[in-house]
>>> print(open('coords.csv').read())   # CSV, C-alpha atoms and all ligand atoms
chain,number,residue,atom,x,y,z
C,1,MET,CA,165.3,24.2,166.6
C,2,THR,CA,161.6,24.1,166.3
C,3,ALA,CA,160.4,23.6,162.7
C,4,THR,CA,158.7,26.8,161.6
C,5,LYS,CA,155.1,26.1,160.5
C,6,ARG,CA,154.7,26.8,156.8
C,7,PRO,CA,152.1,29.5,156.3
C,8,LYS,CA,148.8,28.3,154.6
C,9,LEU,CA,148.4,30.2,151.3
C,10,VAL,CA,144.8,29.7,150.0
C,11,VAL,CA,144.3,31.0,146.4
C,12,SER,CA,140.9,31.5,144.8
C,13,THR,CA,141.2,31.6,141.0
C,14,GLY,CA,138.8,32.4,138.2
C,15,ALA,CA,138.8,32.6,134.4
C,16,GLY,CA,141.2,35.6,134.5
C,17,ILE,CA,144.2,33.4,135.5
C,18,SER,CA,143.7,31.4,132.3
C,19,ALA,CA,143.1,34.4,130.1
C,20,GLU,CA,146.9,34.8,129.2
C,21,SER,CA,146.9,31.1,128.2
C,22,GLY,CA,144.3,32.0,125.5
C,23,ILE,CA,141.2,30.8,127.2
C,24,SER,CA,138.5,33.5,127.1
C,25,THR,CA,136.8,34.7,130.3
C,26,PHE,CA,133.1,34.9,130.7
C,27,ARG,CA,132.2,38.5,131.3
C,28,ASP,CA,135.0,40.5,129.7
C,29,ALA,CA,134.4,42.0,126.2
C,30,ASP,CA,133.9,39.2,123.8
C,31,GLY,CA,133.7,36.8,126.7
C,32,LEU,CA,132.0,33.4,126.5
C,33,TRP,CA,128.7,34.7,127.7
C,34,GLU,CA,128.7,37.3,125.0
C,35,ASN,CA,128.7,34.5,122.4
C,36,TYR,CA,126.5,31.9,124.1
C,37,ASP,CA,123.3,32.1,126.2
C,38,VAL,CA,124.5,30.9,129.6
C,39,MET,CA,121.0,29.6,130.4
C,40,GLU,CA,121.1,27.5,127.2
C,41,VAL,CA,124.6,26.0,127.6
C,42,ALA,CA,125.4,26.2,131.4
C,43,SER,CA,122.2,25.8,133.4
C,44,HIS,CA,120.4,22.7,134.7
C,45,ASP,CA,117.2,23.7,132.8
C,46,GLY,CA,119.3,24.0,129.6
C,47,TYR,CA,120.7,20.5,130.1
C,48,VAL,CA,117.2,19.1,130.6
C,49,ARG,CA,115.9,20.9,127.5
C,50,ASN,CA,118.8,20.1,125.1
C,51,PRO,CA,121.4,17.7,126.5
C,52,ALA,CA,123.0,17.2,123.1
C,53,LEU,CA,123.8,21.0,122.8
C,54,ILE,CA,125.3,20.9,126.3
C,55,HIS,CA,127.5,17.9,125.4
C,56,GLN,CA,128.6,19.7,122.3
C,57,PHE,CA,129.4,22.9,124.1
C,58,TYR,CA,131.6,21.2,126.7
C,59,ASN,CA,133.2,18.9,124.1
C,60,ASP,CA,134.2,22.0,122.2
C,61,ARG,CA,135.6,23.7,125.3
C,62,ARG,CA,137.5,20.5,126.3
C,63,ALA,CA,139.0,20.2,122.7
C,64,ALA,CA,140.3,23.8,123.1
C,65,LEU,CA,142.4,22.6,126.0
C,66,ALA,CA,144.6,20.6,123.6
C,67,GLY,CA,145.9,23.9,122.2
C,68,VAL,CA,146.7,25.9,125.3
C,69,GLU,CA,149.4,25.7,128.1
C,70,PRO,CA,149.5,26.9,131.7
C,71,ASN,CA,151.0,30.4,131.9
C,72,ALA,CA,153.4,32.0,134.3
C,73,ALA,CA,150.7,32.7,136.9
C,74,HIS,CA,149.8,29.0,137.1
C,75,LYS,CA,153.6,28.1,137.4
C,76,ILE,CA,154.2,30.7,140.1
C,77,LEU,CA,151.5,29.1,142.2
C,78,LYS,CA,153.4,25.8,141.9
C,79,GLU,CA,156.7,27.5,142.8
C,80,LEU,CA,155.2,29.1,145.9
C,81,GLU,CA,154.8,25.5,147.3
C,82,ARG,CA,158.5,25.7,148.2
C,83,ASP,CA,157.8,28.2,151.0
C,84,PHE,CA,154.0,27.8,151.6
C,85,ASP,CA,151.3,25.2,152.0
C,86,VAL,CA,149.4,26.3,148.8
C,87,TYR,CA,145.8,25.3,148.3
C,88,VAL,CA,144.2,26.4,145.0
C,89,VAL,CA,140.4,26.8,145.0
C,90,THR,CA,139.3,27.3,141.4
C,91,GLN,CA,136.1,28.2,139.6
C,92,ASN,CA,137.8,27.2,136.4
C,93,VAL,CA,137.0,23.9,134.7
C,94,ASP,CA,140.2,23.8,132.7
C,95,ASP,CA,143.2,21.6,133.8
C,96,LEU,CA,145.9,24.3,133.7
C,97,HIS,CA,146.5,24.2,137.5
C,98,GLU,CA,147.0,20.4,137.2
C,99,ARG,CA,149.3,20.8,134.3
C,100,ALA,CA,151.3,23.4,136.1
C,101,GLY,CA,151.8,20.9,138.9
C,102,SER,CA,149.9,22.4,141.8
C,103,SER,CA,149.5,19.8,144.5
C,104,ASN,CA,146.2,20.8,146.1
C,105,ILE,CA,143.4,21.8,143.8
C,106,VAL,CA,139.7,22.1,144.6
C,107,HIS,CA,137.4,22.6,141.6
C,108,LEU,CA,134.2,24.3,142.7
C,109,HIS,CA,132.5,24.2,139.2
C,110,GLY,CA,133.7,20.8,137.9
C,111,GLU,CA,136.3,19.7,135.4
C,112,LEU,CA,136.2,19.6,131.5
C,113,THR,CA,138.4,16.5,131.5
C,114,LYS,CA,135.8,14.4,133.3
C,115,VAL,CA,132.3,13.2,132.7
C,116,ARG,CA,130.1,11.6,135.3
C,117,ALA,CA,127.4,9.0,135.4
C,118,THR,CA,123.9,10.5,135.1
C,119,ASP,CA,122.7,7.9,137.6
C,120,ASP,CA,125.5,8.3,140.2
C,121,GLU,CA,127.1,11.7,140.4
C,122,SER,CA,130.0,10.3,142.5
C,123,LEU,CA,131.1,8.2,139.5
C,124,THR,CA,133.4,10.2,137.2
C,125,PHE,CA,135.4,9.1,134.2
C,126,ASP,CA,138.4,10.8,132.7
C,127,VAL,CA,138.0,11.7,129.0
C,128,GLY,CA,140.6,12.9,126.6
C,129,TYR,CA,140.7,16.4,125.2
C,130,LEU,CA,139.4,15.3,121.8
C,131,ASP,CA,136.9,12.7,123.1
C,132,ARG,CA,133.3,13.8,122.2
C,133,THR,CA,130.4,12.6,124.3
C,134,THR,CA,126.6,12.7,123.5
C,135,PRO,CA,123.5,11.9,125.5
C,136,ASP,CA,123.8,8.4,124.1
C,137,THR,CA,127.4,7.8,125.2
C,138,VAL,CA,127.6,4.9,127.7
C,139,ILE,CA,130.8,4.2,129.8
C,140,ASP,CA,130.9,1.1,132.1
C,141,GLY,CA,127.1,0.8,131.6
C,142,HIS,CA,126.3,4.3,132.6
C,143,HIS,CA,125.0,7.2,130.5
C,144,VAL,CA,127.2,10.2,131.2
C,145,ARG,CA,127.1,14.0,131.4
C,146,PRO,CA,129.8,16.7,131.6
C,147,HIS,CA,131.3,16.8,135.1
C,148,ILE,CA,130.4,20.5,135.4
C,149,VAL,CA,128.3,22.3,138.0
C,150,PHE,CA,125.6,24.0,136.0
C,151,PHE,CA,123.8,27.1,137.2
C,152,GLN,CA,120.8,26.1,139.3
C,153,GLU,CA,122.8,23.1,140.7
C,154,ASP,CA,124.5,22.7,144.1
C,155,VAL,CA,128.3,23.3,144.5
C,156,PRO,CA,129.3,20.2,146.5
C,157,MET,CA,132.9,21.3,147.0
C,158,PHE,CA,132.0,24.6,148.6
C,159,ALA,CA,132.2,23.3,152.2
C,160,THR,CA,135.7,22.0,151.6
C,161,ALA,CA,136.7,25.4,150.0
C,162,ALA,CA,135.2,27.4,152.9
C,163,GLU,CA,137.1,25.3,155.4
C,164,LEU,CA,140.3,26.0,153.6
C,165,ALA,CA,139.5,29.8,153.5
C,166,SER,CA,138.9,29.7,157.2
C,167,GLU,CA,142.4,28.2,157.8
C,168,ALA,CA,144.2,30.6,155.5
C,169,ASP,CA,147.2,32.6,156.8
C,170,ILE,CA,147.2,34.5,153.5
C,171,PHE,CA,144.3,34.6,151.1
C,172,VAL,CA,144.7,35.5,147.4
C,173,ILE,CA,142.0,36.1,144.8
C,174,VAL,CA,143.2,36.0,141.1
C,175,GLY,CA,141.1,36.7,138.0
C,176,THR,CA,137.6,36.4,139.1
C,177,SER,CA,134.8,39.1,138.9
C,178,LEU,CA,133.4,37.9,142.2
C,179,ALA,CA,130.0,37.8,140.4
C,180,VAL,CA,129.0,34.2,141.1
C,181,TYR,CA,128.0,32.7,144.5
C,182,PRO,CA,128.8,30.8,146.5
C,183,ALA,CA,132.4,31.0,145.2
C,184,ALA,CA,132.4,34.8,145.6
C,185,GLY,CA,131.5,34.4,149.2
C,186,LEU,CA,134.7,32.5,150.1
C,187,LEU,CA,136.3,35.7,151.3
C,188,GLY,CA,133.7,35.8,154.1
C,189,TYR,CA,135.3,32.7,155.7
C,190,VAL,CA,138.8,34.3,156.0
C,191,ARG,CA,139.7,35.1,159.6
C,192,ARG,CA,140.0,38.8,160.5
C,193,GLY,CA,143.5,40.1,160.3
C,194,VAL,CA,144.5,37.6,157.6
C,195,PRO,CA,146.1,39.6,154.6
C,196,VAL,CA,144.0,39.4,151.4
C,197,TYR,CA,145.4,40.2,148.0
C,198,TYR,CA,143.3,40.6,144.8
C,199,ILE,CA,145.0,40.3,141.5
C,200,ASP,CA,142.9,41.6,138.6
C,201,PRO,CA,143.7,44.3,135.9
C,202,ALA,CA,140.1,45.6,135.9
C,203,PRO,CA,138.3,44.4,139.0
C,204,SER,CA,134.5,45.1,138.7
C,205,ARG,CA,133.9,44.9,142.5
C,206,VAL,CA,136.6,45.4,145.2
C,207,PRO,CA,135.7,44.1,148.7
C,208,ALA,CA,136.7,46.3,151.6
C,209,GLY,CA,140.1,45.7,153.2
C,210,VAL,CA,141.8,43.8,150.4
C,211,THR,CA,145.1,44.8,148.8
C,212,VAL,CA,144.5,45.2,145.0
C,213,ILE,CA,147.3,44.4,142.5
C,214,ARG,CA,145.7,45.9,139.4
C,215,LYS,CA,147.7,43.8,136.9
C,216,PRO,CA,147.2,40.8,134.7
C,217,ALA,CA,147.7,37.5,136.5
C,218,THR,CA,151.2,36.7,135.2
C,219,GLU,CA,152.6,40.1,136.3
C,220,GLY,CA,150.5,40.3,139.5
C,221,MET,CA,151.5,36.8,140.6
C,222,ALA,CA,155.2,37.6,140.1
C,223,GLU,CA,154.8,40.8,142.2
C,224,LEU,CA,152.9,38.9,144.9
C,225,ALA,CA,155.5,36.1,145.0
C,226,ARG,CA,158.3,38.7,145.5
C,227,LEU,CA,156.2,40.4,148.3
C,228,LEU,CA,155.4,37.1,150.1
C,229,THR,CA,158.9,35.7,149.8
C,230,LYS,CA,160.4,38.9,151.1
C,231,GLU,CA,157.9,39.0,154.0
C,232,LYS,CA,158.7,35.4,154.9
C,233,ASN,CA,162.5,36.0,154.8
C,234,ASP,CA,162.2,39.2,156.9
C,235,ARG,CA,160.3,37.2,159.6
N,301,LIG,N1,144.7,38.4,134.6
N,301,LIG,C1,143.9,38.5,135.7
N,301,LIG,N2,142.6,38.7,135.7
N,301,LIG,C2,142.0,38.9,134.5
N,301,LIG,C3,142.8,38.9,133.3
N,301,LIG,C4,144.2,38.6,133.4
N,301,LIG,N3,144.9,38.5,132.3
N,301,LIG,N4,141.9,39.1,132.2
N,301,LIG,C5,140.7,39.3,132.8
N,301,LIG,N5,140.8,39.2,134.1
N,301,LIG,C6,139.7,39.4,135.1
N,301,LIG,C7,138.5,40.2,134.7
N,301,LIG,O1,138.8,41.6,135.0
N,301,LIG,C8,137.4,39.7,135.6
N,301,LIG,O2,137.4,40.3,136.8
N,301,LIG,O3,139.2,38.1,135.3
N,301,LIG,C9,137.8,38.2,135.7
N,301,LIG,C10,137.0,37.3,134.9
N,301,LIG,O4,135.6,37.3,135.4
N,301,LIG,P1,134.5,36.3,134.8
N,301,LIG,O5,134.7,36.4,133.3
N,301,LIG,O6,133.3,36.7,135.5
N,301,LIG,O7,135.1,34.9,135.3
N,301,LIG,P2,134.8,34.2,136.7
N,301,LIG,O8,134.8,35.2,137.8
N,301,LIG,O9,135.8,33.1,136.8
N,301,LIG,O10,133.3,33.6,136.5
N,301,LIG,C11,132.8,32.8,137.6
N,301,LIG,O11,130.9,32.3,136.3
N,301,LIG,O12,129.8,31.6,134.4
N,301,LIG,C12,130.3,31.2,135.6
N,301,LIG,O13,131.0,29.0,136.0
N,301,LIG,C13,131.4,30.2,135.4
N,301,LIG,O14,133.3,29.7,136.9
N,301,LIG,C14,132.6,30.8,136.1
N,301,LIG,C15,131.9,31.8,137.1
>>> encode(input="coords.csv", output="structure tokens", more="lines below")
Ligand code: APR
Amino acid sequence: MTATKRPKLVVSTGAGISAESGISTFRDADGLWENYDVMEVASHDGYVRNPALIHQFYNDRRAALAGVEPNAAHKILKELERDFDVYVVTQNVDDLHERAGSSNIVHLHGELTKVRATDDESLTFDVGYLDRTTPDTVIDGHHVRPHIVFFQEDVPMFATAAELASEADIFVIVGTSLAVYPAAGLLGYVRRGVPVYYIDPAPSRVPAGVTVIRKPATEGMAELARLLTKEKNDR
């Protein structure tokens, strides 16, 4: 009896998967970028210009995590680990995938619950939801900054994410507008013939050849889980 290889399920998630947890997306109506100037609070130039404002912006977003929970979409991703090798590649900086229990998570754009040394970007420190840092904060002798990839900065985890996409037996996109590169380009690393599903209630751009599940993440992930589990049992 040869052990059947568990299919590799690679899931690319964006702000939409956290929307039903109460975290606003960026580009929907009343999204974060409608209320803040992205170049002021999320770009490298903005950080150089006004680091105190950037610390405050991410302190506030981190504090909001104390009041939200993972939703059914995050939890279904954990449940799928029963039948699949699940790898989550997320653009989100919230910790909802961690709190839902996902085992393999790659954060492309950083993490709200961490800060990093300004003089050694490999040195990160966990901070609590309600901790507030400033440009004068010193941890273990290092000044710190939010562990966030700002616009105009490199995305060091992209190579890892692209390799995962190239190994996927099934690729799923959930809750991202596919507006920001290189994250939006992950689909290009998926082998031909690998099924691709895109869960989004109002996708603004639909790549060719993907199966769209035009539903919110909680409903779409439930539908996809049924589909994938049925396909696996029929095999
Ligand atoms: N379920 C699933 N998808 C949803 C839901 C929901 N309940 N609500 C909204 N969406 C979809 C929207 O239709 C949209 O396609 O989620 C997507 C959110 O798109 P954006 O707001 O652009 O978020 P995202 O794609 O994650 O942004 C990428 O941009 O500003 C940067 O660094 C930031 O990581 C972020 C990156």
>>> residues_around(input="coords.csv", residues="range 188-200 of chain C", least_positions_apart="3", cutoff="9 Å", atoms="all atoms listed in the file", output="compact mmCIF listing (two decimals) with C-alpha atoms, keeping the file's coordinate frame")
# COMPACT_ATOMS: atom_id res chain seq x y z
CA GLY C 16 141.20 35.60 134.50
CA ILE C 17 144.20 33.40 135.50
CA ALA C 162 135.20 27.40 152.90
CA GLU C 163 137.10 25.30 155.40
CA LEU C 164 140.30 26.00 153.60
CA ALA C 165 139.50 29.80 153.50
CA SER C 166 138.90 29.70 157.20
CA GLU C 167 142.40 28.20 157.80
CA ALA C 168 144.20 30.60 155.50
CA ASP C 169 147.20 32.60 156.80
CA ILE C 170 147.20 34.50 153.50
CA PHE C 171 144.30 34.60 151.10
CA VAL C 172 144.70 35.50 147.40
CA ILE C 173 142.00 36.10 144.80
CA VAL C 174 143.20 36.00 141.10
CA GLY C 175 141.10 36.70 138.00
CA THR C 176 137.60 36.40 139.10
CA SER C 177 134.80 39.10 138.90
CA ALA C 184 132.40 34.80 145.60
CA GLY C 185 131.50 34.40 149.20
CA PRO C 203 138.30 44.40 139.00
CA VAL C 206 136.60 45.40 145.20
CA GLY C 209 140.10 45.70 153.20
CA VAL C 210 141.80 43.80 150.40
CA THR C 211 145.10 44.80 148.80
CA VAL C 212 144.50 45.20 145.00
CA ILE C 213 147.30 44.40 142.50
CA ARG C 214 145.70 45.90 139.40
CA LYS C 215 147.70 43.80 136.90
CA PRO C 216 147.20 40.80 134.70
CA ALA C 217 147.70 37.50 136.50
CA GLY C 220 150.50 40.30 139.50
CA MET C 221 151.50 36.80 140.60
CA LEU C 224 152.90 38.90 144.90
>>> residues_around(input="coords.csv", residues="range 125-134 of chain C", least_positions_apart="3", cutoff="12 Å", atoms="only C-alpha atoms", output="number ranges by chain")
C: 47, 50-68, 94-95, 111-118, 120-122, 137-140, 142-147
>>> closest_residue(input="coords.csv", among="C:Asp30, C:Asp136, C:Glu20, C:Asp83", to="Pro70 in chain C", atoms="all atoms listed in the file")
C:Glu20
>>> residues_near_ligand(input="coords.csv", ligand="ligand LIG 301 (chain N)", cutoff="9 Å", atoms="only C-alpha atoms and all ligand atoms", output="PyMOL selection string")
chain C and resi 13-21+24-28+31-33+38+42+73+90-93+108-110+148-151+174-181+183-184+199-205+214-220
>>> atom_distance(input="coords.csv", atom1="CA of Leu228 in chain C", atom2="CA of Asp85 in chain C")
12.7 Å
